[in-house]
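For reference, query13.txt (compact mmCIF, C-alpha atoms and all ligand atoms):
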# COMPACT_ATOMS: atom_id res chain seq x y z
CA MET R 878 -20.98 13.64 33.55
CA LEU R 879 -23.01 11.27 31.39
CA LEU R 880 -20.87 9.35 28.91
CA LYS R 881 -23.43 10.24 26.28
CA GLU R 882 -22.86 13.95 26.96
CA ILE R 883 -19.13 13.51 26.45
CA LYS R 884 -19.80 11.85 23.13
CA ASP R 885 -21.91 14.86 22.14
CA ILE R 886 -19.07 17.21 23.15
CA PHE R 887 -16.66 15.21 20.95
CA HIS R 888 -19.00 15.74 18.00
CA LYS R 889 -19.52 19.42 18.76
CA GLU R 890 -15.82 20.20 19.20
CA LEU R 891 -14.45 18.05 16.40
CA GLY R 892 -17.31 18.24 13.90
CA GLU R 893 -15.65 20.89 11.78
CA ILE R 894 -12.49 18.89 11.31
CA TYR R 895 -13.54 15.24 10.97
CA PRO R 896 -16.46 13.32 9.48
CA LYS R 897 -19.07 11.99 11.93
CA GLU R 898 -18.07 8.33 11.60
CA GLU R 899 -14.46 9.16 12.35
CA ILE R 900 -15.43 11.07 15.51
CA ASP R 901 -17.48 8.09 16.66
CA SER R 902 -14.51 5.88 16.03
CA PHE R 903 -12.18 8.23 18.00
CA PHE R 904 -14.63 8.35 20.88
CA TYR R 905 -15.12 4.60 21.13
CA THR R 906 -11.42 3.89 20.72
CA CYS R 907 -10.68 6.35 23.55
CA ILE R 908 -13.21 4.86 25.96
CA GLU R 909 -11.88 1.38 25.20
CA HIS R 910 -8.30 2.49 25.66
CA TYR R 911 -8.61 4.66 28.78
CA LEU R 912 -11.61 3.12 30.54
CA LYS R 913 -11.77 -0.43 29.16
CA LEU R 914 -15.37 0.22 28.23
CA GLN R 915 -16.80 -1.80 25.34
CA ARG R 916 -18.05 0.03 22.27
CA PHE R 917 -21.64 -1.08 22.83
CA ILE R 918 -21.73 0.27 26.40
CA LEU R 919 -24.02 3.18 25.48
CA ALA R 920 -26.50 0.82 23.85
CA ILE R 921 -26.86 -1.34 26.94
CA GLN R 922 -26.24 1.32 29.61
CA PRO R 923 -27.35 4.66 28.16
CA GLY R 924 -27.29 6.34 31.59
CA ILE R 925 -23.66 5.47 32.43
CA THR R 926 -21.79 8.36 34.07
CA LEU R 927 -18.09 9.01 34.55
CA THR R 928 -16.19 10.53 37.44
CA LYS R 929 -14.00 13.60 36.93
CA GLU R 930 -10.87 11.43 36.86
CA GLU R 931 -12.39 9.15 34.27
CA GLU R 932 -13.41 12.08 32.08
CA GLN R 933 -10.03 13.77 32.15
CA PRO R 934 -8.08 11.61 29.65
CA LEU R 935 -11.02 11.74 27.24
CA PHE R 936 -11.04 15.53 27.23
CA GLU R 937 -7.26 15.63 26.92
CA ALA R 938 -7.41 13.32 23.90
CA MET R 939 -10.14 15.52 22.43
CA SER R 940 -7.98 18.64 22.73
CA GLU R 941 -5.14 16.90 20.92
CA LEU R 942 -7.48 15.63 18.21
CA LYS R 943 -8.54 19.24 17.74
CA LEU R 944 -4.93 20.02 16.81
CA GLU R 945 -5.16 17.14 14.32
CA LYS R 946 -2.67 15.00 16.16
CA PRO R 947 -3.13 11.39 14.99
CA LEU R 948 -5.01 9.27 17.51
CA GLN R 949 -2.26 6.64 17.43
CA TYR R 950 0.24 9.17 18.78
CA ILE R 951 -2.22 10.35 21.41
CA LEU R 952 -2.82 6.82 22.66
CA GLY R 953 0.74 5.71 21.96
CA THR R 954 -0.36 2.56 20.17
CA ALA R 955 -1.11 1.43 16.65
CA HIS R 956 -2.11 -1.84 15.05
CA PHE R 957 -0.29 -3.56 12.25
CA MET R 958 -1.65 -6.86 10.97
CA ASP R 959 -2.58 -8.36 14.32
CA LEU R 960 0.30 -6.83 16.23
CA GLU R 961 -0.02 -4.08 18.76
CA LEU R 962 2.84 -1.60 18.46
CA GLN R 963 3.93 1.40 20.43
CA VAL R 964 4.31 4.55 18.38
CA ASP R 965 5.52 8.06 19.03
CA GLU R 966 6.64 10.99 16.90
CA ASN R 967 9.94 9.27 16.11
CA VAL R 968 8.20 6.77 13.87
CA LEU R 969 5.63 6.68 11.11
CA ILE R 970 2.26 5.24 12.00
CA PRO R 971 2.10 1.90 10.17
CA ARG R 972 -0.12 2.02 7.08
CA PRO R 973 -2.44 -0.64 5.64
CA GLU R 974 -0.49 -0.49 2.36
CA THR R 975 2.58 -1.68 4.26
CA GLU R 976 0.56 -4.62 5.57
CA GLU R 977 0.01 -5.57 1.94
CA LEU R 978 3.75 -5.47 1.30
CA VAL R 979 4.38 -7.76 4.27
CA GLN R 980 1.63 -10.09 3.08
CA TRP R 981 3.35 -10.34 -0.31
CA ILE R 982 6.59 -11.44 1.37
CA LEU R 983 4.75 -13.89 3.62
CA ASP R 984 2.96 -15.45 0.65
CA ASP R 985 6.22 -15.82 -1.28
CA CYS R 986 8.19 -17.23 1.62
CA GLN R 987 5.49 -19.65 2.67
CA LYS R 988 5.29 -20.94 -0.92
CA GLU R 989 8.94 -21.73 -1.00
CA GLU R 990 10.54 -25.03 -0.13
CA PRO R 991 12.23 -25.20 3.24
CA PHE R 992 15.59 -23.59 3.02
CA ASN R 993 18.26 -25.54 1.17
CA SER R 994 20.82 -26.51 3.74
CA ASP R 995 23.42 -27.32 1.11
CA ALA R 996 23.58 -23.80 -0.17
CA VAL R 997 26.87 -22.19 0.58
CA ARG R 998 26.48 -20.07 3.65
CA PRO R 999 28.57 -17.09 4.48
CA PRO R 1000 31.04 -17.28 7.32
CA ALA R 1001 30.99 -15.01 10.34
CA ALA R 1002 30.70 -11.38 9.38
CA ARG R 1003 31.41 -8.12 11.05
CA VAL R 1004 29.02 -5.21 11.07
CA GLY R 1005 30.04 -1.79 12.31
CA SER R 1006 32.82 -1.97 14.80
CA GLN R 1007 31.52 -4.33 17.45
CA MET R 1008 28.81 -6.49 16.04
CA VAL R 1009 29.63 -9.96 14.90
CA ILE R 1010 26.86 -11.81 13.17
CA GLU R 1011 27.53 -15.41 12.62
CA ARG R 1012 25.72 -17.95 10.61
CA SER R 1013 26.91 -21.46 11.17
CA ARG R 1014 26.90 -24.06 8.43
CA ASN R 1015 23.76 -25.67 9.72
CA ASP R 1016 21.81 -22.48 10.23
CA HIS R 1017 19.05 -22.80 7.64
CA SER R 1018 17.00 -19.89 8.75
CA LEU R 1019 15.83 -17.30 6.29
CA ARG R 1020 17.86 -14.15 6.71
CA ILE R 1021 15.91 -10.93 6.32
CA LEU R 1022 16.95 -7.27 6.45
CA ASP R 1023 14.51 -4.37 6.86
CA ILE R 1024 16.04 -1.03 5.88
CA GLY R 1025 14.53 2.02 7.62
CA THR R 1026 12.56 -0.01 10.10
CA GLY R 1027 10.82 2.86 11.97
CA SER R 1028 8.41 1.31 14.47
CA GLY R 1029 9.74 -2.10 13.45
CA CYS R 1030 6.38 -3.08 11.96
CA ILE R 1031 7.74 -4.91 8.89
CA ALA R 1032 10.60 -6.63 10.69
CA ILE R 1033 8.47 -7.69 13.65
CA ALA R 1034 5.63 -9.02 11.51
CA LEU R 1035 8.03 -11.06 9.35
CA SER R 1036 9.79 -12.41 12.39
CA LYS R 1037 6.51 -13.31 14.05
CA TYR R 1038 4.73 -14.88 11.09
CA LEU R 1039 7.63 -16.67 9.41
CA PRO R 1040 9.06 -19.48 11.42
CA ASP R 1041 12.80 -19.91 11.50
CA THR R 1042 13.91 -16.48 10.38
CA ASN R 1043 16.81 -14.37 11.37
CA VAL R 1044 15.69 -10.77 11.08
CA PHE R 1045 17.89 -7.67 11.02
CA ALA R 1046 16.57 -4.14 10.96
CA LEU R 1047 18.36 -0.87 10.52
CA ASP R 1048 17.45 2.75 10.93
CA VAL R 1049 19.28 6.05 10.95
CA SER R 1050 17.15 7.35 13.80
CA GLU R 1051 18.08 6.35 17.34
CA GLY R 1052 14.64 7.42 18.51
CA ALA R 1053 13.03 5.05 16.04
CA LEU R 1054 15.31 2.19 17.04
CA LYS R 1055 14.29 2.61 20.68
CA VAL R 1056 10.63 2.32 19.72
CA ALA R 1057 11.32 -0.68 17.45
CA GLN R 1058 13.29 -2.43 20.17
CA LYS R 1059 10.43 -2.06 22.63
CA ASN R 1060 7.99 -3.35 20.04
CA ALA R 1061 10.13 -6.38 19.29
CA ALA R 1062 10.29 -7.19 23.00
CA SER R 1063 6.58 -6.71 23.62
CA ASN R 1064 5.77 -8.93 20.65
CA GLY R 1065 8.23 -11.60 21.77
CA VAL R 1066 10.56 -11.56 18.77
CA ASP R 1067 14.30 -11.40 18.60
CA ILE R 1068 15.61 -8.94 16.01
CA THR R 1069 19.12 -7.59 15.50
CA PHE R 1070 18.84 -3.81 15.30
CA LEU R 1071 21.55 -1.76 13.64
CA HIS R 1072 22.05 1.97 13.88
CA GLN R 1073 23.10 2.74 10.30
CA ASP R 1074 22.47 5.22 7.53
CA ILE R 1075 21.83 3.48 4.22
CA LEU R 1076 22.86 6.68 2.42
CA ASN R 1077 26.26 6.72 4.07
CA PRO R 1078 28.73 5.68 1.40
CA GLU R 1079 30.95 4.32 4.11
CA LEU R 1080 28.28 1.95 5.38
CA GLU R 1081 30.37 -1.00 6.34
CA PHE R 1082 28.66 -4.31 6.02
CA ALA R 1083 31.08 -7.14 5.59
CA SER R 1084 30.82 -8.26 2.01
CA GLU R 1085 30.07 -11.82 3.10
CA LEU R 1086 26.96 -10.77 4.97
CA VAL R 1087 24.13 -11.71 2.65
CA PHE R 1088 20.39 -11.87 3.02
CA ASP R 1089 17.62 -13.91 1.45
CA VAL R 1090 15.17 -11.03 1.63
CA ILE R 1091 15.77 -7.29 1.80
CA VAL R 1092 12.74 -5.09 2.34
CA SER R 1093 12.30 -1.37 2.68
CA ASN R 1094 9.66 1.30 2.99
CA PRO R 1095 11.99 4.29 2.68
CA PRO R 1096 11.02 7.98 2.58
CA TYR R 1097 9.44 8.64 -0.80
CA VAL R 1098 7.11 11.65 -0.66
CA ARG R 1099 8.46 14.53 -2.76
CA GLU R 1100 8.46 18.06 -1.37
CA LEU R 1101 6.21 18.98 -4.31
CA GLU R 1102 3.58 16.55 -2.97
CA LYS R 1103 3.53 18.23 0.44
CA ASN R 1104 0.51 20.35 -0.41
CA GLY R 1105 -1.63 17.32 -0.98
CA ILE R 1106 -0.69 15.76 2.34
CA GLN R 1107 -3.02 15.89 5.30
CA LYS R 1108 -2.12 18.14 8.20
CA ASN R 1109 -2.09 15.24 10.66
CA VAL R 1110 0.66 13.56 8.61
CA LYS R 1111 2.61 16.71 7.74
CA ASP R 1112 2.61 18.25 11.20
CA PHE R 1113 3.12 15.19 13.33
CA GLU R 1114 4.84 12.36 11.51
CA PRO R 1115 8.65 12.47 11.22
CA ASP R 1116 9.88 14.33 8.14
CA THR R 1117 12.94 12.12 7.86
CA ALA R 1118 10.71 9.09 7.39
CA LEU R 1119 8.54 10.73 4.76
CA PHE R 1120 10.13 13.33 2.55
CA VAL R 1121 12.72 13.37 -0.19
CA ALA R 1122 14.03 16.22 -2.33
CA ASP R 1123 12.24 16.82 -5.64
CA GLU R 1124 15.57 16.68 -7.49
CA ASP R 1125 16.40 13.14 -6.40
CA PRO R 1126 13.26 11.43 -5.11
CA LEU R 1127 14.58 7.90 -5.62
CA ILE R 1128 17.79 8.47 -3.67
CA PHE R 1129 16.96 5.75 -1.13
CA TYR R 1130 15.94 3.25 -3.79
CA LYS R 1131 19.21 3.75 -5.63
CA ALA R 1132 21.23 3.24 -2.46
CA ILE R 1133 19.24 0.17 -1.47
CA ILE R 1134 19.51 -1.39 -4.92
CA ASN R 1135 23.30 -0.85 -4.86
CA PHE R 1136 23.44 -2.36 -1.40
CA SER R 1137 21.23 -5.27 -2.43
CA GLU R 1138 23.41 -6.10 -5.40
CA ARG R 1139 26.16 -6.83 -2.95
CA HIS R 1140 24.16 -8.27 -0.08
CA LEU R 1141 21.35 -10.34 -1.54
CA GLN R 1142 21.81 -14.05 -1.82
CA GLU R 1143 21.44 -15.80 -5.14
CA ASN R 1144 17.66 -16.31 -5.61
CA GLY R 1145 17.09 -13.66 -2.98
CA SER R 1146 14.41 -11.00 -3.31
CA LEU R 1147 14.16 -7.28 -2.77
CA TYR R 1148 10.80 -5.77 -1.83
CA PHE R 1149 9.96 -2.08 -1.80
CA GLU R 1150 7.07 0.11 -0.84
CA ILE R 1151 7.08 2.89 -3.43
CA ASN R 1152 5.68 6.27 -4.34
CA GLN R 1153 2.51 5.66 -6.34
CA TYR R 1154 3.44 8.38 -8.85
CA LEU R 1155 6.90 6.97 -9.50
CA GLY R 1156 6.13 3.32 -10.20
CA GLU R 1157 7.65 3.15 -13.66
CA GLU R 1158 10.63 5.33 -12.69
CA THR R 1159 11.36 3.11 -9.71
CA LYS R 1160 11.04 0.00 -11.85
CA ALA R 1161 13.43 1.52 -14.40
CA LEU R 1162 16.17 1.70 -11.75
CA PHE R 1163 16.54 -2.04 -12.21
CA ASN R 1164 17.39 -1.74 -15.91
CA HIS R 1165 20.84 -3.11 -16.69
CA ARG R 1166 21.14 -4.45 -13.17
CA ASN R 1167 21.62 -7.95 -12.00
CA PHE R 1168 17.96 -8.47 -11.11
CA SER R 1169 15.15 -10.36 -12.79
CA GLU R 1170 11.37 -10.70 -12.60
CA ILE R 1171 10.73 -7.10 -11.63
CA GLU R 1172 7.11 -6.90 -10.57
CA LEU R 1173 5.09 -3.78 -9.79
CA ARG R 1174 1.94 -4.24 -7.72
CA LYS R 1175 -0.96 -2.02 -6.85
CA ASP R 1176 -2.30 -1.52 -3.35
CA MET R 1177 -5.91 -1.90 -2.27
CA PHE R 1178 -6.60 1.63 -3.52
CA GLY R 1179 -5.41 0.77 -7.03
CA ASN R 1180 -2.15 2.74 -6.76
CA ASN R 1181 1.27 1.43 -7.76
CA ARG R 1182 2.65 0.80 -4.30
CA MET R 1183 4.93 -2.23 -4.21
CA LEU R 1184 7.78 -3.59 -6.21
CA LYS R 1185 9.69 -6.84 -6.10
CA ALA R 1186 12.93 -7.84 -7.81
CA ASN R 1187 14.79 -11.13 -7.69
CA VAL R 1188 18.43 -11.97 -7.91
CA PRO R 1189 18.78 -14.66 -10.56
CA SER R 1190 20.63 -17.80 -9.68
CA ARG R 1191 24.10 -17.78 -11.13
CA GLY R 1192 23.88 -21.30 -12.47
CA LEU R 1193 21.18 -20.42 -15.02
N1 LIG R 1201 2.69 6.10 2.72
C1 LIG R 1201 3.19 7.15 3.54
C2 LIG R 1201 2.21 8.32 3.51
O1 LIG R 1201 1.07 8.10 3.42
C3 LIG R 1201 4.58 7.53 3.13
C4 LIG R 1201 5.55 6.51 3.56
C5 LIG R 1201 6.93 6.76 3.10
O2 LIG R 1201 7.35 7.86 2.72
N2 LIG R 1201 7.67 5.73 3.14
O3 LIG R 1201 2.51 9.44 3.63
The structure in this file should be written as C-alpha cells.
Ligand code: GLN
Amino acid sequence: MLLKEIKDIFHKELGEIYPKEEIDSFFYTCIEHYLKLQRFILAIQPGITLTKEEEQPLFEAMSELKLEKPLQYILGTAHFMDLELQVDENVLIPRPETEELVQWILDDCQKEEPFNSDAVRPPAARVGSQMVIERSRNDHSLRILDIGTGSGCIAIALSKYLPDTNVFALDVSEGALKVAQKNAASNGVDITFLHQDILNPELEFASELVFDVIVSNPPYVRELEKNGIQKNVKDFEPDTALFVADEDPLIFYKAIINFSERHLQENGSLYFEINQYLGEETKALFNHRNFSEIELRKDMFGNNRMLKANVPSRGL
C-alpha cells in the first residue's frame, strides 16, 4: 500500500478523537520508530509503498491509538530532557513539567561551589536488611535521593547531568523499579535503587544516612479531579503513581517532609513537584518546620507546580 494512503487511513480512523496535527505527529513518529523512515519521506518520495509486513505495526499502533492508549506506551519509549527512556504501564510517562523541576535542581547545583570536603560526613549506614551504603571521608559527591522514582526519569537525568553525584532512588512498585533499572543501564548511569514505601512508618533508613538533595514527584491528583483528567491518562497510567484520597491529598508530602527533616544534610534542599491547585496548602506544610527559603514556582503553563525548601545551616 502507498504510505500516503496509510496516512490518510490514520486521519480517517483517528480524526474523531485527536486533532489533525496530533495525528500527523503520531503517524510520523510511528514510521520513524518502526520503519526508520524520516519525517520528510513523503515530500521527497510521494509514491513510496510499504510491504504487508511493514504496514502491520503501523496498523497495530493505530488500533491502540483508537483506544486512546498513549503513544509512548505503544512504542515503549518516551523522551525526557535528552534521554530516551523505556516506559510501560508500571510507570508514568515523564511530563515536561518534571523536566522543569529537574532543570531547577541542575541550575541550583551547578551554581554551587564544589562540595566542601571538610563537612562532616556520615559513616557507613544500613538500609533495609542487606544494603550497606558507605560514604568514606573523602567522598565529596553530592548525595541525591529521588522518592517515587517511577521510570527513573528524575534520578537518571540528575545522575547524567551532574558530575560526581551519588544518586539513590526508591519506589514502592517493583514493576516501576524494573523499568527504572533498565533505564539507568541504557543511559549508562549507576543508581542505587531501593524497594521502599515512603508511607510505611517503619521505613528503616539509618539515621546517619543523609542527603544533600531530596526530590519527589509523588502522586498528587485528587479523586475529585478525576473527571477533568484525559482518558489516555486515567485508563492507562498507573493509579498508584497518580491518585490520592480527597481527604488527605498531601499525605505523601507530609511523609516526605518528615523523612527529610531527619535525612537532609545541613544546607540541603528538598524539591517537589506539586498539585497546581494545592500550592499554598503544600507550602503551608513547612510552617513551624526546620526549613527555610520556601519557594513556590510556576511551570511553563503558569500553574503552581514546583516547590523548594532548604534546611538552614545550624551555625547561623
Ligand atoms: N502531572 C501528572 C498528570 O498530569 C500527575 C503526576 C503526579 O501525580 N505526580 O496527571
Taking all listed atoms of ligand LIG 1201 (chain R), build the axis-aligned box, pad each of the six sides by 8 Å, then write its centre and edge lengths in Å to one decimal as AutoDock Vina command-line options.
--center_x 4.4 --center_y 7.6 --center_z 3.2 --size_x 22.6 --size_y 19.7 --size_z 16.9
Spatial neighbours of range 1022-1024 of chain R, 10 Å, all atoms listed in the file, chain gap at least 3 places, as a ChimeraX atom specification
/R:1027,1029-1033,1035,1043-1049,1068-1071,1073-1075,1087-1095,1129,1133,1140-1141,1147-1149
What is the distance, in Å and to one decimal place, between CA of Ala1061 in chain R and CA of Leu983 in chain R?
18.2 Å
Considering all atoms listed in the file, return as a VMD selection string whatever protein or nucleic-acid residues lie within 12 Å of range 940-953 of chain R, sequence-local ones (same chain, fewer than 4 positions apart) excluded.
chain R and resid 886 to 895 899 to 900 902 to 911 933 to 936 957 961 to 972 1028 1056 1060 1107 to 1115
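Each residue with an atom within 6 Å of any atom of ligand LIG 1201 (chain R) appears in the list, which was built counting only C-alpha atoms and all ligand atoms: Asn1094, Pro1095, Pro1096, Tyr1097, Val1098, Ala1118 and Leu1119 of chain R.
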Would you please work out which residue, of R:Glu882, R:Asp959, R:Glu977, R:Asp1041, is nearest to Ser1018 in chain R when using only C-alpha atoms?
R:Asp1041
Restricting to all atoms listed in the file, whichever of R:Ser1169, R:Gln1153, R:Ser1036, R:Ser1063 is closest to Ile982 in chain R is R:Ser1036
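Relative to CA of Phe1120 in chain R, CA of Thr1026 in chain R is found at 15.5 Å.
For the pair CA of Tyr1038 in chain R and CA of Ile1134 in chain R, the interatomic distance is 25.6 Å.
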Excluding Asn1181 in chain R and its own-chain neighbours fewer than 6 positions away, which residues fall within 7 Å of it when counting all atoms listed in the file? Please give them as a PyMOL selection string.
chain R and resi 1153+1156+1173-1175
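Between Ser1190 in chain R and the candidates R:Asn1167, R:Gln980, R:Phe1136, R:Glu974, the tightest atom-to-atom separation, counting all atoms listed in the file, involves R:Asn1167.
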Shell around Ile925 in chain R at 10 Å using all atoms listed in the file, local window under 3 positions removed, as a PyMOL selection string:
chain R and resi 878-881+918-919+921-922
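Using only C-alpha atoms for every distance, the candidate list R:Val1066, R:Leu1184, R:Ala920, R:Val1121 yields R:Val1121 as the residue closest to Lys1103 in chain R.
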